[in-house]
Each structure stands twice: as structure tokens, then as C-alpha cells.
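Participant: Dropping in run_2.tsv, which is TSV, C-alpha atoms:
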chain	number	residue	atom	x	y	z
H	1	MET	CA	23.63	21.05	-16.62
H	2	THR	CA	23.23	17.89	-18.65
H	3	THR	CA	23.05	18.68	-22.36
H	4	SER	CA	20.91	15.75	-23.43
H	5	PRO	CA	18.70	14.72	-20.50
H	6	GLU	CA	16.63	11.60	-20.81
H	7	VAL	CA	12.97	12.53	-21.24
H	8	PRO	CA	10.24	10.29	-19.78
H	9	THR	CA	7.76	8.78	-22.19
H	10	ARG	CA	4.69	10.92	-22.72
H	11	THR	CA	1.65	9.43	-21.10
H	12	ARG	CA	-1.28	11.79	-21.51
H	13	LEU	CA	-1.85	15.00	-23.45
H	14	TRP	CA	-5.17	16.72	-23.08
H	15	THR	CA	-6.59	18.01	-26.36
H	16	PRO	CA	-9.75	20.11	-26.17
H	17	HIS	CA	-12.68	19.20	-28.38
H	18	HIS	CA	-13.82	22.81	-28.57
H	19	VAL	CA	-11.87	26.08	-28.48
H	20	LEU	CA	-13.69	29.37	-27.94
H	21	VAL	CA	-11.88	32.69	-28.38
H	22	THR	CA	-13.42	35.88	-27.05
H	23	ARG	CA	-13.34	39.08	-29.05
H	24	SER	CA	-10.94	40.83	-26.64
H	25	ALA	CA	-8.57	37.85	-26.56
H	26	GLN	CA	-8.31	37.87	-30.36
H	27	GLU	CA	-6.34	41.13	-30.17
H	28	HIS	CA	-3.36	39.65	-28.26
H	29	PRO	CA	-0.22	38.02	-29.73
H	30	HIS	CA	-0.25	35.13	-27.28
H	31	THR	CA	-3.68	34.11	-28.53
H	32	ALA	CA	-2.15	33.49	-31.96
H	33	GLU	CA	0.37	31.14	-30.32
H	34	ILE	CA	-2.42	29.28	-28.53
H	35	LEU	CA	-4.33	28.84	-31.77
H	36	ARG	CA	-1.18	27.67	-33.56
H	37	ARG	CA	-0.63	25.03	-30.88
H	38	CYS	CA	-4.27	23.93	-30.97
H	39	GLU	CA	-4.11	23.50	-34.73
H	40	ALA	CA	-0.91	21.46	-34.38
H	41	ALA	CA	-2.68	19.28	-31.81
H	42	GLY	CA	-5.44	18.53	-34.32
H	43	VAL	CA	-8.19	20.74	-32.90
H	44	ASP	CA	-10.58	21.70	-35.69
H	45	ASP	CA	-13.51	23.09	-33.68
H	46	VAL	CA	-12.38	26.67	-33.08
H	47	GLU	CA	-14.92	29.46	-32.74
H	48	LEU	CA	-14.00	33.15	-32.78
H	49	LEU	CA	-16.69	34.80	-30.69
H	50	ARG	CA	-18.15	38.22	-31.48
H	51	GLY	CA	-18.21	39.17	-27.81
H	52	ASP	CA	-16.52	38.36	-24.55
H	53	ARG	CA	-19.13	36.05	-23.08
H	54	ILE	CA	-18.51	32.28	-23.11
H	55	THR	CA	-21.64	30.56	-24.45
H	56	GLY	CA	-22.73	27.17	-25.73
H	57	VAL	CA	-21.21	25.15	-22.90
H	58	ARG	CA	-24.28	24.10	-20.95
H	59	GLY	CA	-25.93	20.79	-21.80
H	60	GLY	CA	-29.31	19.35	-21.00
H	61	THR	CA	-28.13	17.92	-17.67
H	62	GLU	CA	-25.50	18.76	-15.08
H	63	ARG	CA	-23.48	15.78	-16.27
H	64	GLU	CA	-23.64	16.90	-19.90
H	65	THR	CA	-22.60	20.40	-18.89
H	66	TYR	CA	-19.65	19.06	-16.91
H	67	ALA	CA	-18.48	16.84	-19.78
H	68	ARG	CA	-18.74	19.60	-22.39
H	69	ALA	CA	-17.03	22.15	-20.12
H	70	LYS	CA	-14.15	19.80	-19.38
H	71	ALA	CA	-13.63	19.32	-23.13
H	72	THR	CA	-13.57	23.06	-23.83
H	73	LEU	CA	-10.68	25.52	-23.86
H	74	ALA	CA	-11.69	29.17	-23.76
H	75	VAL	CA	-9.15	31.83	-24.68
H	76	VAL	CA	-10.09	34.97	-22.77
H	77	THR	CA	-8.51	38.10	-21.31
H	78	SER	CA	-7.70	38.15	-17.63
H	79	PRO	CA	-10.14	39.86	-15.28
H	80	ALA	CA	-8.89	42.74	-13.15
H	81	SER	CA	-8.78	40.39	-10.16
H	82	ALA	CA	-6.15	38.26	-11.91
H	83	ARG	CA	-3.92	41.25	-12.68
H	84	LYS	CA	-4.08	42.54	-9.10
H	85	LEU	CA	-2.00	39.91	-7.37
H	86	GLY	CA	-2.77	38.69	-3.88
H	87	PRO	CA	-0.78	36.70	-1.33
H	88	ILE	CA	-1.17	32.92	-1.33
H	89	PRO	CA	-0.06	31.51	2.03
H	90	PRO	CA	1.69	29.26	2.80
H	91	SER	CA	2.94	28.70	-0.75
H	92	ALA	CA	4.10	32.04	-2.09
H	93	ASP	CA	4.17	35.80	-1.80
H	94	TRP	CA	1.88	36.30	-4.77
H	95	ARG	CA	-0.56	34.31	-6.88
H	96	VAL	CA	-0.20	34.84	-10.61
H	97	ASP	CA	-2.79	33.18	-12.85
H	98	LEU	CA	-1.90	32.00	-16.35
H	99	ALA	CA	-5.29	30.30	-16.65
H	100	ARG	CA	-8.27	29.30	-14.55
H	101	GLY	CA	-9.65	25.79	-14.71
H	102	CYS	CA	-8.12	22.39	-15.31
H	103	PRO	CA	-8.91	19.49	-17.67
H	104	ALA	CA	-8.28	16.77	-15.06
H	105	HIS	CA	-11.03	14.98	-13.13
H	106	CYS	CA	-9.82	14.96	-9.53
H	107	GLN	CA	-12.67	14.02	-7.24
H	108	TYR	CA	-11.30	16.25	-4.46
H	109	CYS	CA	-10.72	19.16	-6.90
H	110	TYR	CA	-9.32	22.22	-5.13
H	111	LEU	CA	-11.13	24.50	-7.58
H	112	ALA	CA	-14.63	23.15	-6.89
H	113	GLY	CA	-16.74	25.84	-5.36
H	114	SER	CA	-14.17	28.58	-6.00
H	115	LEU	CA	-14.77	29.16	-9.71
H	116	SER	CA	-18.18	30.17	-11.00
H	117	GLY	CA	-20.05	28.49	-13.83
H	118	PRO	CA	-19.25	25.27	-15.73
H	119	PRO	CA	-15.64	24.05	-15.27
H	120	VAL	CA	-14.29	25.36	-18.58
H	121	THR	CA	-10.51	25.81	-18.75
H	122	ARG	CA	-9.95	29.50	-19.42
H	123	VAL	CA	-6.47	30.49	-20.57
H	124	PHE	CA	-5.47	34.14	-20.66
H	125	GLY	CA	-4.54	35.51	-24.07
H	126	ASP	CA	-3.18	38.75	-22.58
H	127	LEU	CA	-0.25	36.91	-21.03
H	128	GLU	CA	2.24	39.63	-21.96
H	129	GLU	CA	0.38	42.15	-19.79
H	130	ILE	CA	0.15	39.71	-16.88
H	131	LEU	CA	3.89	39.02	-16.93
H	132	ALA	CA	4.75	42.69	-17.37
H	133	GLY	CA	2.87	43.41	-14.17
H	134	LEU	CA	5.11	41.23	-12.00
H	135	ASP	CA	7.80	43.91	-11.58
H	136	ALA	CA	5.60	45.99	-9.32
H	137	TYR	CA	5.40	43.16	-6.77
H	138	VAL	CA	9.08	42.29	-6.49
H	139	GLY	CA	10.40	43.06	-3.02
H	140	HIS	CA	6.93	43.48	-1.51
H	141	GLY	CA	6.04	39.93	-0.50
H	142	THR	CA	4.92	39.05	3.00
H	143	ILE	CA	4.65	35.23	2.88
H	144	THR	CA	7.98	33.70	1.86
H	145	SER	CA	10.07	36.86	1.54
H	146	THR	CA	9.71	37.51	5.27
H	147	ASN	CA	10.25	33.86	6.23
H	148	ALA	CA	13.89	33.41	7.29
H	149	ALA	CA	13.92	29.82	6.06
H	150	ARG	CA	12.67	30.77	2.60
H	151	ALA	CA	13.86	34.32	2.02
H	152	ALA	CA	16.57	33.08	-0.34
H	153	GLU	CA	13.84	32.20	-2.85
H	154	GLY	CA	13.26	35.91	-3.37
H	155	THR	CA	9.80	37.17	-4.21
H	156	THR	CA	7.77	34.08	-5.05
H	157	PHE	CA	4.99	33.84	-7.62
H	158	GLU	CA	2.64	30.83	-7.55
H	159	ALA	CA	1.25	29.94	-11.00
H	160	SER	CA	-0.84	26.86	-10.18
H	161	CYS	CA	-3.51	28.03	-7.76
H	162	TYR	CA	-6.33	27.89	-10.28
H	163	THR	CA	-4.93	25.58	-12.96
H	164	ASP	CA	-2.37	22.89	-13.73
H	165	PRO	CA	-0.20	24.83	-16.19
H	166	LEU	CA	1.72	21.78	-17.44
H	167	GLY	CA	-1.49	19.87	-18.11
H	168	ILE	CA	-2.50	22.47	-20.73
H	169	GLU	CA	0.97	23.56	-21.83
H	170	HIS	CA	1.10	21.83	-25.22
H	171	VAL	CA	-1.99	23.76	-26.37
H	172	THR	CA	-1.21	27.08	-24.63
H	173	GLY	CA	2.54	27.65	-24.31
H	174	SER	CA	1.77	29.86	-21.33
H	175	LEU	CA	4.02	28.09	-18.84
H	176	SER	CA	6.98	28.20	-21.24
H	177	ALA	CA	6.42	31.90	-21.82
H	178	ALA	CA	6.27	32.58	-18.09
H	179	ILE	CA	9.41	30.53	-17.39
H	180	ARG	CA	11.29	32.30	-20.17
H	181	HIS	CA	10.19	35.73	-18.94
H	182	VAL	CA	11.04	35.09	-15.30
H	183	GLY	CA	14.34	33.44	-16.23
H	184	THR	CA	15.63	36.27	-18.40
H	185	HIS	CA	13.94	39.47	-17.22
H	186	ASP	CA	15.80	42.00	-15.07
H	187	PHE	CA	13.51	42.31	-12.06
H	188	GLY	CA	15.83	44.31	-9.85
H	189	GLY	CA	15.60	41.63	-7.15
H	190	PRO	CA	15.57	37.86	-6.69
H	191	VAL	CA	12.37	36.08	-7.80
H	192	GLN	CA	11.02	32.56	-8.15
H	193	LEU	CA	8.17	31.24	-10.25
H	194	ARG	CA	6.44	28.19	-8.76
H	195	ALA	CA	4.05	25.69	-10.29
H	196	THR	CA	2.63	22.31	-9.25
H	197	THR	CA	1.51	19.64	-11.70
H	198	LYS	CA	-0.03	16.18	-11.92
H	199	PHE	CA	1.35	15.72	-15.42
H	200	ALA	CA	4.71	14.60	-16.76
H	201	ASP	CA	5.33	15.96	-20.26
H	202	VAL	CA	8.35	18.13	-19.44
H	203	ALA	CA	10.21	17.67	-22.74
H	204	GLY	CA	9.28	21.13	-24.00
H	205	LEU	CA	10.55	22.82	-20.85
H	206	LEU	CA	13.98	21.30	-20.35
H	207	ASP	CA	15.99	23.66	-22.56
H	208	LEU	CA	14.23	26.87	-21.55
H	209	PRO	CA	16.38	29.68	-20.07
H	210	HIS	CA	14.98	29.30	-16.56
H	211	GLY	CA	18.02	30.76	-14.80
H	212	GLY	CA	17.25	28.74	-11.68
H	213	ARG	CA	14.22	30.94	-11.10
H	214	THR	CA	11.43	28.40	-11.69
H	215	ARG	CA	10.62	25.50	-9.40
H	216	LEU	CA	8.30	22.89	-10.89
H	217	ARG	CA	6.78	20.67	-8.21
H	218	PHE	CA	5.18	17.32	-8.91
H	219	SER	CA	2.07	16.32	-7.00
H	220	VAL	CA	2.42	12.76	-5.71
H	221	GLY	CA	0.44	10.35	-3.58
H	222	PRO	CA	-0.04	6.62	-3.08
H	223	GLU	CA	-2.10	4.60	-5.54
H	224	ALA	CA	-4.99	4.40	-3.06
H	225	VAL	CA	-5.39	8.16	-3.56
H	226	THR	CA	-4.16	8.91	-7.08
H	227	GLY	CA	-5.61	5.80	-8.70
H	228	ARG	CA	-9.05	6.30	-7.18
H	229	PHE	CA	-9.48	10.06	-7.17
H	230	GLU	CA	-7.24	11.64	-9.86
H	231	GLY	CA	-8.87	10.94	-13.21
H	232	GLY	CA	-7.35	12.35	-16.39
H	233	THR	CA	-3.87	12.82	-14.93
H	234	ASP	CA	-0.55	11.10	-15.51
H	235	PRO	CA	0.41	8.11	-13.35
H	236	VAL	CA	2.53	8.93	-10.33
H	237	ALA	CA	5.36	6.82	-11.76
H	238	ALA	CA	5.54	9.15	-14.76
H	239	ARG	CA	5.49	12.22	-12.51
H	240	ILE	CA	8.37	10.82	-10.46
H	241	ASP	CA	10.32	10.13	-13.67
H	242	ALA	CA	9.67	13.71	-14.78
H	243	LEU	CA	10.85	15.04	-11.42
H	244	ALA	CA	14.11	13.11	-11.78
H	245	THR	CA	14.52	14.27	-15.38
H	246	MET	CA	14.21	17.93	-14.44
H	247	ALA	CA	16.52	17.53	-11.46
H	248	ARG	CA	19.10	15.89	-13.73
H	249	ALA	CA	18.78	18.83	-16.11
H	250	GLY	CA	19.63	21.28	-13.33
H	251	TRP	CA	16.21	22.62	-12.40
H	252	PRO	CA	15.02	23.39	-8.89
H	253	VAL	CA	12.27	20.82	-8.26
H	254	GLY	CA	9.75	19.93	-5.61
H	255	LEU	CA	7.31	17.41	-4.26
H	256	THR	CA	3.76	18.38	-3.44
H	257	ILE	CA	2.53	15.49	-1.34
H	258	ALA	CA	-1.19	16.01	-1.65
H	259	PRO	CA	-3.86	15.40	-0.74
H	260	ILE	CA	-2.56	13.37	2.19
H	261	MET	CA	-5.27	10.95	3.33
H	262	PRO	CA	-5.39	8.11	5.90
H	263	VAL	CA	-6.67	5.63	3.30
H	264	GLY	CA	-6.06	1.89	3.76
H	265	ASP	CA	-2.58	0.96	4.95
H	266	TRP	CA	-1.51	4.55	4.56
H	267	ARG	CA	1.69	4.34	6.59
H	268	THR	CA	3.15	1.67	4.33
H	269	ALA	CA	1.81	3.45	1.25
H	270	TYR	CA	3.49	6.79	2.03
H	271	SER	CA	6.72	5.05	3.03
H	272	ASP	CA	6.78	3.18	-0.28
H	273	LEU	CA	5.94	6.34	-2.22
H	274	LEU	CA	8.85	8.30	-0.77
H	275	ALA	CA	11.17	5.33	-1.24
H	276	ARG	CA	10.29	5.37	-4.95
H	277	VAL	CA	11.05	9.07	-5.18
H	278	ALA	CA	14.38	8.60	-3.42
H	279	ALA	CA	15.32	5.73	-5.74
H	280	ALA	CA	14.46	7.77	-8.84
H	281	LEU	CA	16.53	10.73	-7.71
H	282	ALA	CA	19.43	8.51	-6.75
H	283	GLY	CA	19.25	6.92	-10.18
H	284	ALA	CA	19.29	10.38	-11.72
H	285	GLY	CA	22.66	11.01	-10.13
H	286	VAL	CA	21.84	14.43	-8.69
H	287	ALA	CA	22.57	13.83	-5.02
H	288	GLY	CA	25.19	16.59	-4.72
H	289	ASP	CA	23.35	19.16	-6.81
H	290	LEU	CA	19.78	18.40	-5.81
H	291	ASP	CA	17.60	21.43	-5.05
H	292	LEU	CA	14.46	19.75	-3.71
H	293	THR	CA	11.58	21.00	-1.62
H	294	ALA	CA	8.55	19.24	-0.17
H	295	GLU	CA	5.12	20.64	0.61
H	296	CYS	CA	2.61	18.55	2.57
H	297	ILE	CA	-1.11	19.21	2.16
H	298	THR	CA	-3.78	17.13	3.87
H	299	HIS	CA	-7.23	16.65	2.39
H	300	ARG	CA	-9.82	19.26	3.32
H	301	PHE	CA	-13.08	20.52	1.89
H	302	THR	CA	-15.63	23.29	2.32
H	303	PRO	CA	-19.42	23.05	2.27
H	304	GLY	CA	-19.40	24.65	-1.17
H	305	SER	CA	-16.77	22.33	-2.64
H	306	LYS	CA	-18.55	19.28	-1.19
H	307	GLU	CA	-21.79	20.28	-2.89
H	308	THR	CA	-20.08	20.90	-6.22
H	309	LEU	CA	-17.98	17.73	-6.13
H	310	GLU	CA	-20.97	15.54	-5.32
H	311	THR	CA	-22.70	17.03	-8.36
H	312	TRP	CA	-19.70	16.40	-10.59
H	313	TYR	CA	-18.93	12.94	-9.17
H	314	PRO	CA	-22.18	11.51	-7.76
H	315	ARG	CA	-20.63	8.05	-7.29
H	316	THR	CA	-17.47	9.20	-5.55
H	317	ARG	CA	-16.19	7.22	-2.60
H	318	LEU	CA	-14.17	10.13	-1.34
H	319	GLU	CA	-14.86	10.71	2.35
H	320	MET	CA	-16.38	14.17	2.82
H	321	ASP	CA	-18.30	13.71	6.07
H	322	PRO	CA	-18.25	16.84	8.26
H	323	GLU	CA	-19.02	14.64	11.26
H	324	GLN	CA	-15.63	12.94	10.86
H	325	ARG	CA	-13.78	16.23	10.59
H	326	LYS	CA	-12.69	19.21	12.60
H	327	THR	CA	-14.22	22.51	11.51
H	328	LYS	CA	-11.91	25.46	11.01
H	329	ARG	CA	-13.18	28.98	10.49
H	330	GLY	CA	-11.29	31.61	8.60
H	331	LYS	CA	-10.85	35.26	9.43
H	332	PHE	CA	-14.09	36.14	7.65
H	333	GLY	CA	-16.08	33.14	8.84
H	334	ALA	CA	-15.28	30.77	5.98
H	335	VAL	CA	-15.74	27.11	6.99
H	336	LYS	CA	-13.21	24.40	6.17
H	337	HIS	CA	-13.37	20.74	7.25
H	338	VAL	CA	-9.99	19.21	8.10
H	339	TYR	CA	-8.88	16.05	9.87
H	340	PRO	CA	-9.21	15.89	13.67
H	341	ASP	CA	-6.12	16.77	15.67
H	342	ASP	CA	-5.17	13.17	16.47
H	343	VAL	CA	-5.41	12.05	12.84
H	344	MET	CA	-3.50	15.12	11.68
H	345	ALA	CA	-0.75	14.46	14.23
H	346	ASP	CA	-0.38	10.83	13.10
H	347	LEU	CA	-0.22	11.81	9.45
H	348	ARG	CA	2.28	14.57	10.07
H	349	ALA	CA	4.58	12.49	12.25
H	350	HIS	CA	4.76	9.63	9.78
H	351	VAL	CA	5.13	11.60	6.55
H	352	THR	CA	7.69	14.06	7.89
H	353	ASP	CA	9.72	11.28	9.52
H	354	GLU	CA	9.76	9.37	6.23
H	355	LEU	CA	10.84	12.49	4.36
H	356	ALA	CA	13.69	13.03	6.79
H	357	GLU	CA	14.85	9.43	6.47
H	358	ARG	CA	14.42	8.83	2.75
H	359	LEU	CA	14.92	12.32	1.31
H	360	PRO	CA	17.18	14.16	3.78
H	361	ALA	CA	18.08	16.76	1.16
H	362	ALA	CA	14.47	17.89	0.85
H	363	ARG	CA	13.50	21.12	2.54
H	364	VAL	CA	10.00	20.75	3.97
H	365	LEU	CA	8.42	24.14	3.37
H	366	TYR	CA	5.17	23.65	5.26
H	367	TRP	CA	2.53	21.25	6.49
H	368	THR	CA	-1.11	22.17	6.19
Kindly present the structure from the file in C-alpha cells form.
Facilitator:
Amino acid sequence: MTTSPEVPTRTRLWTPHHVLVTRSAQEHPHTAEILRRCEAAGVDDVELLRGDRITGVRGGTERETYARAKATLAVVTSPASARKLGPIPPSADWRVDLARGCPAHCQYCYLAGSLSGPPVTRVFGDLEEILAGLDAYVGHGTITSTNAARAAEGTTFEASCYTDPLGIEHVTGSLSAAIRHVGTHDFGGPVQLRATTKFADVAGLLDLPHGGRTRLRFSVGPEAVTGRFEGGTDPVAARIDALATMARAGWPVGLTIAPIMPVGDWRTAYSDLLARVAAALAGAGVAGDLDLTAECITHRFTPGSKETLETWYPRTRLEMDPEQRKTKRGKFGAVKHVYPDDVMADLRAHVTDELAERLPAARVLYWT
């Protein structure tokens, strides 16, 4: 491992305007760490609530409510549903939530329609209890643990289903705590913590005792997607630099190519994107030691997410026309709109071929 890795320049750090702390969360040690970090970041609007209900977020209009919610960090205790882990195919055996909500402004937001109320970022102050509960799930996964191609990862825990943990890390410390716990704890079996991010400030992670048990994946896409639809995030160039920095420092890393969209000259755009990643990794000098995965996720939406997103972003130019999509129904009747088979086939053929040519060391975990 390199002792003094080069760290990419910081580009964007989200600082909440308001911090609300519920009564129950005030009892936990990790909450004190969150408040210490918020104070260091210059947050001076901190309210210790007398109860456990988050109030004072709604504005006079939907737009005002959205803006205030996105500027608010709420420190809460995890609900029972967060402590009872569930499988998260095709990513991981189990979903573990460090927080719910995200400060970014992605117009295709995966969380839209799945979280109730205004989009406040809620971080869990009872992190110690959440991490202590992981032991019971080791050796019982059914997603990656039973997949011959991925079984070597051990029992996998996905930490970015409902948040971008790196995007809030400098005011929470939750991702560092999780990495440290997973990297040093005796689980009695192989494990891997997984997280995806659209941010690039990895300086505070590089020296953590990760033990090879955490894989941080960087979400990337061409400018026609990221520049138009991913507000409040770091530029893709910075994410690629961060990927190379972590790889150079000996971390398992990954690409999350998402959301894949046939926008503009998309074939050239995705070819150029992967060429940039390959060049960065080659420049990092990690060819022989590179532990790199790739996950490919095409754009999709549900009726509920479409309604929410069009409320949040009334001027969006993101295509969400059910008439242009194929409808998929889940086991319990849930509706999801994905690309038609011919479009999906074209996207898959091109992106996977480019991955094979430009990043032959990358293990493609899934396409969805």
C-alpha cells in the first residue's frame, strides 16, 4: 500500500443549513460525533428536539419544502425496519442503512417515491447498534454469497441504497465508522461492505483500517447525463480521480455506470468515458494490483417516482414517458418502466464491449 497517496482536490462539500436532533438520538455516542463534525463545518443552526418527530421542514409551497428539506440534516434513531436487514439484489446479500436521504439533486433520483415526507437527510445516531447487528447476518446471504462468481466477496452489505454515504461523511463520520468496524471486527466469516458515491472527497478514508473488506464504487456517466441531471454532486472527472487514488492506496474499488441512457451520441460518449477511466487507472500505476468491479444500471422509473420527480424538478428534460418504455411488473405487482428490449440490447452490447476492451481487469457484476 502506498504510504502517501495523492489526494484529489476537494470539489464540493455539502454543509446543512439546519440540523435537527431527536430526543432519542441525543442519547447515543455517535450523535456527539455528528454534532462535533457539524460544528467544525460551521453549522450554527442546531436544534435539540424534545421529541422524536421531525418538524419545521415544510414551507409554504412544494418548492420551498423541497429546498428546506434538502438543506436539513436530521439526526435520528434507526427504525426497526433499518435494523432488520433485507436482501438487495443484484448488489448485495444485505442492505444496511447508515442514513436515509441524500443532499444531491439528481433529477432521476432513485429515492423519489420510496421515502415518505420531505426529502430530509436523516442520519442514524444509533450507529453502534446497527453495526453490532451485522454479525447475525454473516453466512446467511442469498444474493452474492450463493453466486459462484461472487462468493469470494463473502457476505456483502450494501450501505448506499438510501443515501450517498460519502456525500454526507464530513458531517456524519458514519461511513468511516462502518469501514473501521467492518475492517477490524472478527465476524467469524468473510464479509464486504459496499457503498456507491457521486462524490470525491476520499482524503479522510484513505488511512482507515479497511482490511480489504470495503469496496467504494464511484458512479460515473457521460456529461450528457451527469451534467444535465446530477445537480449538487462532484464532477465525473473528480470521481475518476478519486477512484484512481483509492486504487493506488490499495483499496478494492468499483465503477457504477449509472444511469445508462441513450442520450445524444451515447456510443461515443460511453466509449470516451471508459477510456478516461482506463487512462486514470493506468496513470495510477495499479495495473497488477487492481481490484476493480463494474455494475451497469440503466435508467428506469416507477409511476410514483415520476410523480415525485416532476414535483421536485418541474422543468426537467429527463425522459420519463411510459409510452416509450417497456413495463415490468414485480412479484407483488409493482410497476417499473425500463427501456424496450431493442434499446436495452444496444446499450448492453456497446457498454459491455467497451468495458472488455478498455478495462479488461474489471469484473462486471451485473447488468440491470
Participant: Just the number, please: distance in Å from atom CA of Ala269 of chain H to atom CA of His350 of chain H, one decimal.
Facilitator: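 Calculated distance between atom CA of Ala269 of chain H and atom CA of His350 of chain H is 10.9 Å.
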Participant: Measuring between all atoms listed in the file, which one of H:His185, H:Arg248, H:Arg217, H:Arg267 shows the shortest distance to Ser91 of chain H?
Facilitator: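 Ranking H:His185, H:Arg248, H:Arg217, H:Arg267 by distance to Ser91 of chain H, first place goes to H:Arg217.
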Participant: Which one of H:Val19, H:Ser305, H:Arg180, H:Gly189 sits closest to Ala152 of chain H if you count all atoms listed in the file?
Facilitator: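 Selected residue with least distance to Ala152 of chain H: H:Gly189.
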Participant: Taking all atoms listed in the file into account, name the residue in H:Leu175, H:Ala275, H:Val202, H:Leu290 that is nearest to Arg239 of chain H.
Facilitator: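 Comparing H:Leu175, H:Ala275, H:Val202, H:Leu290 against Arg239 of chain H, the winner is H:Val202.
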Participant: Given all atoms listed in the file as the basis, pick out the residue of H:Ala224, H:Leu355, H:Ala82, H:Val343 nearest to Arg317 of chain H.
Facilitator: H:Ala224
Participant: Provide an axis-aligned box for all listed atoms of segment 305-321 of chain H, padding each side by 8 Å; report its centre and its edge lengths in Å to one decimal, as JSON.
Facilitator:
{"center_x": -18.4, "center_y": 14.8, "center_z": -2.3, "size_x": 24.5, "size_y": 31.1, "size_z": 32.7}
Participant: Which is closest to Leu131 of chain H among H:Ala112, H:Leu193, H:Val76, H:Val225, if we use all atoms listed in the file?
Facilitator: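 Under the stated criterion, the closest residue is H:Leu193.
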Participant: Quick one: everything within 12 Å of Ala278 of chain H, counting only C-alpha atoms, minus sequence neighbours fewer than 6 positions away in the same chain. Send it as a PyMOL selection string.
Facilitator: chain H and resi 240-241+243-244+255+271-272+284-287+290+292+354-362
Participant: Excluding segment 219-222 of chain H and its own-chain neighbours fewer than 6 positions away, which residues fall within 7 Å of it when counting all atoms listed in the file? Please give them as a list in words.
Facilitator: Thr196, Thr197, Lys198, Val236, Leu255, Thr256, Ile257, Ala258, Ala269, Tyr270 and Leu273 of chain H
Participant: If we count only C-alpha atoms, what is near Tyr108 of chain H at a cut-off of 12 Å, once residues fewer than 3 positions away on the same chain are taken out, given as an MDAnalysis selection string?
Facilitator: chainID H and resid 104:105 111:113 225:226 228:231 258:261 298:302 305:310 312:313 316:320
Participant: Given the choices H:Gly304, H:Arg213, H:Ile168, H:Tyr339, which gets closest to Leu115 of chain H if the distance is worked out from all atoms listed in the file?
Facilitator: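 Counting all atoms listed in the file, the residue closest to Leu115 of chain H is H:Gly304.
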Participant: For segment 136-143 of chain H, please output as number ranges by chain all residues within 12 Å (counting all atoms listed in the file; exclusion window: fewer than 6 positions along the same chain).
Facilitator: H: 83-96, 130, 149-151, 153-158, 182, 186-193, 365-366
Participant: When you look at Thr184 of chain H with a cut-off of 9 Å (counting all atoms listed in the file), what residues show up, excluding the ones that are within fewer than 5 positions of it in the same chain? I need them as a list of chain:residue names.
Facilitator: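 That gives H:Ile179, H:Pro209, H:His210, H:Gly211.
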Participant: Save the residues we just selected, C-alpha atoms, as a PDB file, keeping the file's coordinate frame?
Facilitator:
ATOM      1  CA  ILE H 179       9.410  30.530 -17.390  1.00  0.00           C
ATOM      2  CA  PRO H 209      16.380  29.680 -20.070  1.00  0.00           C
ATOM      3  CA  HIS H 210      14.980  29.300 -16.560  1.00  0.00           C
ATOM      4  CA  GLY H 211      18.020  30.760 -14.800  1.00  0.00           C
TER       5      GLY H 211
END
